[in-house]
Amino acid sequence: MKTLKKRNEFTTFFMVFVMLLQSCTVYKSVPITIDQAVQNQSEVKIHTLNNDTYRFTAIESIDGKYFGINKSAHEVLRTSFDENQISNIKEKDKTLSIILDIGIVIILLTPVIFVAVNGGGIVPDGVFN
């Protein structure tokens with residue numbers, strides 16, 4: 001019964017960390033133009049002159065007007081915005097976001113796995129003898 005309880009605790013711990021770290025997003029430091037954002041169809045973060053920040057999964061242009069697109073499970077939300085109010089647009093760095101997601105999970109889970117493998121002890125038996 002103790003083994004089952006430890007396994008459930010470990011599984012719960014692992015799932016919580018994986019879910020929390022899925023939202024880690026890194027944006028490129030070099031801003032792009034609105035036309036590049038429309039062409040790339042990638043996730044962007046927009047800073048306005050009013051110091052507001054908006055995140056969109058993509059930007060599209062319809063009849064000369066720009067719309068930020070956010071997709072939910074059942075609908076696509078289009079938000080219009082004035083291009084003259086944009087301070088800068090930063091594109092999501094997909095590669096670095098993936099590397100950080102995986103790296104953080106590995107760094108956080110390594111001590112947990114080490115403790116689990118060593119039966120709860122911090123240092124394996126016989127190391128300091």
# chains A, B, ... in the order shown; residues from 1 in each chain; ligands from 1
$ residues_around --residues "stretch 88-105 of chain A" --least-positions-apart "5" --cutoff "7 Å" --atoms "only C-alpha atoms" --output "PyMOL selection string"
chain A and resi 18+21-22+24-33+42-48
$ residues_around --residues "A:Ser61" --least-positions-apart "2" --cutoff "12 Å" --atoms "only C-alpha atoms" --output "JSON, numbers by chain"
{"A": [34, 35, 36, 37, 38, 39, 41, 58, 59, 63, 64, 65, 66, 67, 68, 69, 78, 79, 80, 81, 82, 83]}
$ write_last_selection --atoms "N, CA, C and O atoms" --output "short mmCIF file (atom, residue, chain, number, x, y, z; two decimals), in the first residue's frame"
data_model
loop_
_atom_site.label_atom_id
_atom_site.label_comp_id
_atom_site.auth_asym_id
_atom_site.auth_seq_id
_atom_site.Cartn_x
_atom_site.Cartn_y
_atom_site.Cartn_z
N ILE A 34 4.67 45.04 -38.27
CA ILE A 34 3.34 44.44 -38.32
C ILE A 34 3.16 43.59 -39.58
O ILE A 34 2.51 42.56 -39.57
N ASP A 35 3.79 44.02 -40.68
CA ASP A 35 3.71 43.24 -41.92
C ASP A 35 4.44 41.90 -41.78
O ASP A 35 3.99 40.87 -42.30
N GLN A 36 5.58 41.88 -41.08
CA GLN A 36 6.28 40.63 -40.82
C GLN A 36 5.44 39.71 -39.94
O GLN A 36 5.40 38.49 -40.15
N ALA A 37 4.74 40.28 -38.96
CA ALA A 37 3.89 39.49 -38.08
C ALA A 37 2.74 38.85 -38.86
O ALA A 37 2.40 37.70 -38.63
N VAL A 38 2.16 39.61 -39.81
CA VAL A 38 1.09 39.06 -40.64
C VAL A 38 1.63 37.95 -41.52
O VAL A 38 1.02 36.89 -41.67
N GLN A 39 2.79 38.16 -42.11
CA GLN A 39 3.38 37.18 -43.01
C GLN A 39 3.80 35.91 -42.27
O GLN A 39 3.57 34.80 -42.76
N GLN A 41 2.67 34.63 -39.42
CA GLN A 41 1.56 33.93 -38.78
C GLN A 41 2.01 33.19 -37.51
O GLN A 41 1.61 32.06 -37.26
N ALA A 58 -1.86 34.91 -33.67
CA ALA A 58 -1.46 35.37 -35.01
C ALA A 58 -2.06 36.74 -35.23
O ALA A 58 -2.92 37.20 -34.48
N ILE A 59 -1.59 37.40 -36.28
CA ILE A 59 -2.16 38.67 -36.72
C ILE A 59 -2.53 38.52 -38.18
O ILE A 59 -1.79 37.94 -38.96
N ASP A 63 -8.68 43.88 -45.50
CA ASP A 63 -9.02 45.18 -46.10
C ASP A 63 -8.24 46.33 -45.45
O ASP A 63 -8.78 47.40 -45.19
N GLY A 64 -6.96 46.10 -45.18
CA GLY A 64 -6.11 47.15 -44.63
C GLY A 64 -6.22 47.33 -43.13
O GLY A 64 -5.52 48.16 -42.56
N LYS A 65 -7.10 46.59 -42.48
CA LYS A 65 -7.23 46.66 -41.02
C LYS A 65 -6.56 45.43 -40.42
O LYS A 65 -6.61 44.34 -40.99
N TYR A 66 -5.95 45.63 -39.27
CA TYR A 66 -5.22 44.54 -38.61
C TYR A 66 -6.03 43.99 -37.45
O TYR A 66 -6.65 44.73 -36.69
N PHE A 67 -5.99 42.64 -37.34
CA PHE A 67 -6.72 41.95 -36.29
C PHE A 67 -5.79 40.96 -35.60
O PHE A 67 -5.06 40.22 -36.25
N GLY A 68 -5.85 40.97 -34.28
CA GLY A 68 -5.15 39.96 -33.51
C GLY A 68 -6.07 38.76 -33.35
O GLY A 68 -7.26 38.92 -33.07
N ILE A 69 -5.53 37.56 -33.54
CA ILE A 69 -6.33 36.35 -33.49
C ILE A 69 -5.97 35.55 -32.25
O ILE A 69 -4.80 35.28 -31.99
N ARG A 78 -11.31 37.57 -33.00
CA ARG A 78 -10.54 38.58 -33.71
C ARG A 78 -10.69 39.91 -32.99
O ARG A 78 -11.80 40.37 -32.76
N THR A 79 -9.55 40.51 -32.66
CA THR A 79 -9.54 41.78 -31.97
C THR A 79 -8.89 42.82 -32.87
O THR A 79 -7.73 42.65 -33.27
N SER A 80 -9.64 43.86 -33.20
CA SER A 80 -9.05 44.91 -34.05
C SER A 80 -8.22 45.85 -33.19
O SER A 80 -8.48 46.04 -32.01
N PHE A 81 -7.19 46.41 -33.80
CA PHE A 81 -6.37 47.37 -33.08
C PHE A 81 -5.81 48.38 -34.07
O PHE A 81 -5.73 48.13 -35.27
N ASP A 82 -5.44 49.54 -33.54
CA ASP A 82 -4.89 50.62 -34.34
C ASP A 82 -3.38 50.44 -34.44
O ASP A 82 -2.69 50.44 -33.43
N GLU A 83 -2.88 50.30 -35.65
CA GLU A 83 -1.45 50.07 -35.83
C GLU A 83 -0.61 51.27 -35.40
O GLU A 83 0.57 51.12 -35.10
#
$ atom_distance --atom1 "atom CA of A:Ile86" --atom2 "atom CA of A:Thr57"
16.8 Å
$ closest_residue --among "A:Phe56, A:Ile62, A:Leu49, A:Phe14" --to "A:Ile106" --atoms "only C-alpha atoms"
A:Phe14
$ select_by_dssp --residues "stretch 17-127 of chain A" --states "alpha helix (DSSP H)" --output "ChimeraX atom specification"
/A:17-21,34-40,94-117
